[in-house]
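Asks: Data: target.txt, compact mmCIF, C-alpha atoms and all ligand atoms.
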```txt
# COMPACT_ATOMS: atom_id res chain seq x y z
CA MET Y 1 120.67 81.54 90.70
CA LYS Y 2 117.16 80.27 91.15
CA GLU Y 3 113.90 80.75 89.36
CA ASN Y 4 112.58 83.72 87.47
CA ILE Y 5 110.20 86.08 89.21
CA VAL Y 6 107.20 86.65 86.95
CA LEU Y 7 104.87 89.58 87.58
CA ILE Y 8 101.33 89.22 86.31
CA GLY Y 9 98.16 91.21 86.84
CA TYR Y 10 95.71 93.56 85.25
CA MET Y 11 96.86 96.66 83.40
CA ALA Y 12 98.12 99.54 85.56
CA CYS Y 13 98.67 97.43 88.68
CA GLY Y 14 102.33 98.48 88.85
CA LYS Y 15 104.09 95.53 87.19
CA THR Y 16 106.53 97.67 85.19
CA SER Y 17 107.64 99.91 88.07
CA VAL Y 18 107.84 97.06 90.56
CA ALA Y 19 109.85 94.87 88.17
CA LYS Y 20 112.33 97.70 87.61
CA ARG Y 21 112.73 98.22 91.36
CA LEU Y 22 113.15 94.49 92.00
CA GLY Y 23 115.80 94.34 89.29
CA GLU Y 24 117.71 97.16 90.98
CA ILE Y 25 117.46 95.69 94.47
CA LEU Y 26 118.25 92.11 93.48
CA GLN Y 27 120.70 93.02 90.70
CA ARG Y 28 118.82 90.88 88.23
CA LYS Y 29 117.93 91.39 84.59
CA THR Y 30 114.49 92.95 84.15
CA ILE Y 31 112.44 92.01 81.12
CA GLU Y 32 109.52 94.26 80.21
CA MET Y 33 107.67 92.11 77.69
CA ASP Y 34 105.69 94.91 76.07
CA ASP Y 35 108.89 96.91 75.45
CA ILE Y 36 110.53 93.97 73.68
CA ILE Y 37 107.43 93.38 71.54
CA SER Y 38 107.29 97.05 70.68
CA GLU Y 39 111.03 97.25 69.85
CA ARG Y 40 110.88 94.18 67.62
CA SER Y 41 107.84 95.41 65.75
CA LYS Y 42 109.20 98.94 65.63
CA MET Y 43 105.84 100.32 66.68
CA SER Y 44 103.82 101.01 69.80
CA ILE Y 45 101.58 98.36 71.34
CA LYS Y 46 98.64 100.56 70.40
CA ASP Y 47 99.68 100.46 66.72
CA ILE Y 48 100.37 96.71 66.78
CA PHE Y 49 96.78 96.15 67.93
CA LYS Y 50 95.45 98.60 65.36
CA ILE Y 51 97.47 97.42 62.36
CA TYR Y 52 98.04 93.70 62.96
CA GLY Y 53 95.32 92.85 65.50
CA GLU Y 54 95.30 91.22 68.91
CA ASP Y 55 96.11 87.67 67.74
CA TYR Y 56 99.38 88.82 66.20
CA PHE Y 57 100.25 90.61 69.45
CA ARG Y 58 99.40 87.51 71.51
CA ASP Y 59 101.66 85.35 69.30
CA MET Y 60 104.56 87.72 69.88
CA GLU Y 61 103.76 87.82 73.57
CA SER Y 62 103.99 84.02 73.86
CA LEU Y 63 107.28 83.99 71.98
CA VAL Y 64 108.86 86.72 74.11
CA LEU Y 65 107.67 85.03 77.31
CA LYS Y 66 109.18 81.72 76.19
CA GLU Y 67 112.52 83.40 75.52
CA ALA Y 68 112.50 85.26 78.85
CA LEU Y 69 111.73 82.06 80.72
CA SER Y 70 114.42 80.09 78.92
CA GLU Y 71 116.93 81.91 81.16
CA LYS Y 72 117.16 81.81 84.94
CA GLY Y 73 116.88 84.56 87.50
CA ASN Y 74 115.11 87.15 85.39
CA ILE Y 75 112.47 89.54 86.68
CA ILE Y 76 109.75 89.39 84.04
CA SER Y 77 107.00 91.97 83.77
CA CYS Y 78 104.20 90.45 81.68
CA GLY Y 79 101.51 92.33 79.81
CA GLY Y 80 98.16 92.04 81.57
CA GLY Y 81 96.81 89.54 79.04
CA ALA Y 82 99.72 87.10 79.15
CA VAL Y 83 97.63 84.69 81.23
CA ILE Y 84 94.92 84.38 78.57
CA ARG Y 85 96.78 81.59 76.82
CA GLN Y 86 97.04 78.37 78.76
CA GLU Y 87 100.45 77.57 77.20
CA ASN Y 88 101.83 80.79 78.72
CA VAL Y 89 100.48 79.95 82.17
CA LEU Y 90 102.04 76.49 82.05
CA MET Y 91 105.43 77.95 81.07
CA MET Y 92 105.31 80.61 83.82
CA LYS Y 93 104.42 78.12 86.51
CA GLU Y 94 107.12 75.72 85.43
CA ARG Y 95 109.93 78.24 85.16
CA GLY Y 96 109.02 81.00 87.58
CA PHE Y 97 107.70 82.23 90.88
CA VAL Y 98 104.49 83.91 89.74
CA VAL Y 99 103.45 87.05 91.57
CA LEU Y 100 100.01 88.56 91.01
CA LEU Y 101 99.81 92.31 91.56
CA SER Y 102 96.24 93.42 92.06
CA ALA Y 103 94.43 96.72 92.52
CA LYS Y 104 90.89 98.02 92.81
CA PRO Y 105 89.12 99.08 89.60
CA ARG Y 106 89.16 102.72 90.73
CA THR Y 107 92.95 102.62 91.25
CA VAL Y 108 93.40 101.11 87.76
CA PHE Y 109 91.09 103.69 86.24
CA GLU Y 110 92.95 106.58 87.88
CA ARG Y 111 96.42 105.27 87.00
CA ALA Y 112 95.42 104.37 83.43
CA SER Y 113 93.79 107.71 82.72
CA LYS Y 114 97.27 109.24 82.96
CA ASN Y 115 98.31 107.62 79.66
CA ASN Y 116 96.45 106.49 76.56
CA GLU Y 117 98.86 103.79 75.40
CA ARG Y 118 96.60 100.89 76.41
CA PRO Y 119 94.29 99.94 73.53
CA LEU Y 120 92.09 97.76 75.72
CA LEU Y 121 91.40 100.60 78.17
CA LYS Y 122 90.63 103.26 75.58
CA GLY Y 123 87.38 105.03 76.47
CA LYS Y 124 86.61 102.56 79.26
CA LYS Y 125 84.62 103.57 82.34
CA ILE Y 126 85.27 102.18 85.83
CA GLU Y 127 82.38 99.72 85.41
CA ASP Y 128 83.91 98.37 82.17
CA ILE Y 129 87.25 97.94 83.89
CA GLU Y 130 85.58 96.18 86.81
CA GLU Y 131 83.80 93.78 84.43
CA MET Y 132 86.98 92.92 82.55
CA MET Y 133 88.89 92.48 85.81
CA CYS Y 134 86.21 90.05 87.05
CA LEU Y 135 86.49 88.04 83.83
CA ARG Y 136 90.29 87.91 84.09
CA ARG Y 137 90.41 87.26 87.84
CA PRO Y 138 90.09 83.42 87.68
CA LEU Y 139 92.95 83.29 85.17
CA TYR Y 140 95.19 85.39 87.41
CA ILE Y 141 94.34 83.37 90.50
CA LYS Y 142 94.99 80.10 88.70
CA SER Y 143 98.37 81.32 87.50
CA ALA Y 144 99.73 82.97 90.65
CA ASP Y 145 101.86 81.57 93.45
CA ILE Y 146 101.17 84.64 95.58
CA GLU Y 147 99.08 87.80 95.37
CA ILE Y 148 100.08 91.28 96.52
CA GLU Y 149 97.48 94.04 96.72
CA THR Y 150 99.01 97.28 95.51
CA ASP Y 151 96.41 99.91 96.46
CA TYR Y 152 97.90 102.39 98.94
CA LYS Y 153 101.36 100.80 98.76
CA THR Y 154 104.52 102.41 97.41
CA ILE Y 155 106.69 100.67 94.81
CA ASP Y 156 109.30 100.02 97.51
CA GLU Y 157 106.71 98.47 99.82
CA ILE Y 158 105.46 96.19 97.05
CA ALA Y 159 109.02 95.18 96.11
CA ALA Y 160 109.82 94.45 99.78
CA ALA Y 161 106.66 92.33 100.12
CA ILE Y 162 107.64 90.28 97.06
CA ILE Y 163 111.18 89.74 98.31
CA ASN Y 164 109.80 88.65 101.67
CA GLU Y 165 107.46 86.13 100.05
CA ALA Y 166 110.16 84.89 97.68
CA LYS Y 167 112.42 84.22 100.67
CA LYS Y 168 109.64 82.38 102.50
CA ASN Y 169 109.14 80.26 99.38
CA LYS Y 170 112.90 79.66 99.10
CA ILE Y 171 113.13 81.41 95.73
CA LEU Y 172 115.71 83.86 97.07
C1 LIG Y 201 97.16 94.09 77.84
C2 LIG Y 201 98.01 94.70 78.74
C3 LIG Y 201 99.08 95.61 78.32
C4 LIG Y 201 99.57 95.27 76.89
C5 LIG Y 201 98.42 95.22 75.96
C6 LIG Y 201 97.34 94.21 76.37
C7 LIG Y 201 96.07 93.22 78.37
O1 LIG Y 201 100.18 95.54 79.21
O2 LIG Y 201 100.25 94.04 76.90
O3 LIG Y 201 97.89 96.51 75.87
O4 LIG Y 201 95.48 92.44 77.59
O5 LIG Y 201 95.78 93.28 79.59
P1 LIG Y 201 100.17 96.21 80.69
O6 LIG Y 201 99.47 95.25 81.60
O7 LIG Y 201 101.62 96.34 81.01
O8 LIG Y 201 99.47 97.51 80.59
```
Could you show the structure in this file as structure tokens?
Ligand code: S3P
Replies:
Amino acid sequence: MKENIVLIGYMACGKTSVAKRLGEILQRKTIEMDDIISERSKMSIKDIFKIYGEDYFRDMESLVLKEALSEKGNIISCGGGAVIRQENVLMMKERGFVVLLSAKPRTVFERASKNNERPLLKGKKIEDIEEMMCLRRPLYIKSADIEIETDYKTIDEIAAAIINEAKKNKIL
């Protein structure tokens, strides 16, 4: 079995759903980093941010990523901020095929307004989201092997596009 497939991208770009679908299609283990962090801490991501702060969350995030990448063939769905730390980016690039899922700020705003579990999106307007996406964009671009735009695509279409690209890149 070859490399891991690592999904990165801004919040609410579909990483979780796409990773799950890829796992089903490819019969691979799917690792949802935020779920592991939440299970280990026995609290929601929202509460981890509130009680322990972002740095604590980022430390756990790096640790969970390292563990996920120590295996082969996993489908890893990263939290949107996993690319903030350079050490994480280096690990991803070394041990995985890094797929950036992107979406327009309006799509993110509409998807995110359906749940309030994301501390960094709480009370944010489209313009705030756009600003944060612009700041993050260079980090995502630097980290990614390929980019897939997700606006107007179904989960199955996105999964198929990733599989296609992975085959072209001899990952599958
Ligand atoms: C974050 C994204 C979230 C979660 C945390 C921080 C970020 O994950 O890890 O709220 O900094 O972009 P999703 O991208 O899965 O929403």
Asks: Between Y:Val98, Y:Val108, Y:Leu120, Y:Ile5, which is the closest to ligand LIG 201 (chain Y) once you count all atoms listed in the file?
Replies: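 The shortest atom-to-atom distance to ligand LIG 201 (chain Y) comes from Y:Leu120.
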Asks: Using all atoms listed in the file, which residues of the polymer chains come no farther than 10 Å from ligand LIG 201 (chain Y)? I'd like the answer as a PyMOL selection string.
Replies: chain Y and resi 7-17+32-35+37-38+44-46+48-49+54+57-58+61+77-84+112+117-122+132-133+136
Asks: Using all atoms listed in the file, can you list as a list in words the residues within 6 Å of (101.8, 84.3, 93.9)?
Replies: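 Every polymer residue passing the test: Val98, Val99, Leu100, Ala144, Asp145, Ile146 and Glu147 of chain Y.
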Asks: Let me make sure I understand: among Y:Asn115, Y:Val18, Y:Met60, Y:Tyr52, which one has the smallest atom-to-atom distance to Y:Ile36 if we use all atoms listed in the file?
Replies: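 Of the candidates, the smallest distance to Y:Ile36 is held by Y:Met60.
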Asks: Extract, using only C-alpha atoms, all DNA, RNA and protein residues at most 6 Å from Y:Thr30, discarding same-chain residues fewer than 3 positions from it, and format them as a VMD selection string.
Replies: chain Y and resid 23 74 to 76
Asks: One decimal, in Å: what's the spacing between atom CA of Y:Thr150 and atom CA of Y:Ile129?
Replies: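 Interatomic distance here is 16.5 Å.
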Asks: Kindly compute an axis-aligned box around the listed atoms of stretch 101-109 of chain Y, allowing 8 Å on each side, and express its centre and edge lengths in Å to one decimal as JSON.
Replies:
```
{"center_x": 94.5, "center_y": 98.0, "center_z": 89.5, "size_x": 26.7, "size_y": 27.4, "size_z": 22.6}
```
Asks: Could you tell me which of Y:Glu87, Y:Glu130, Y:Asp156, Y:Asp55 comes closest to Y:Arg106 if we count all atoms listed in the file?
Replies: Y:Glu130
Asks: Of the candidates Y:Cys134, Y:Leu139, Y:Ala19, Y:Ala103, which one gets nearest to Y:Asn4 if we count all atoms listed in the file?
Replies: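 For Y:Asn4, the nearest of the candidates is Y:Ala19.
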Asks: Grab the atom CA of Y:Leu172 to atom CA of Y:Glu3 distance for me, in Å with one decimal place.
Replies: 8.5 Å
Asks: So, with all atoms listed in the file as the atoms that count, which of Y:Arg85, Y:Arg111, Y:Lys125, Y:Lys153 lies closest to Y:Ser62?
Replies: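 Under the stated criterion, the closest residue is Y:Arg85.
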Asks: So how far away is atom CA of Y:Ser143 from atom CA of Y:Ile25, in Å?
Replies: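 About the pair atom CA of Y:Ile25 and atom CA of Y:Ser143: they are 24.9 Å apart.
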Asks: Which residue is closest to Y:Ile148? Choose from Y:Ile171, Y:Leu135, Y:Leu90, Y:Leu101 and count all atoms listed in the file.
Replies: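 Among the listed residues, Y:Leu101 lies closest to Y:Ile148.
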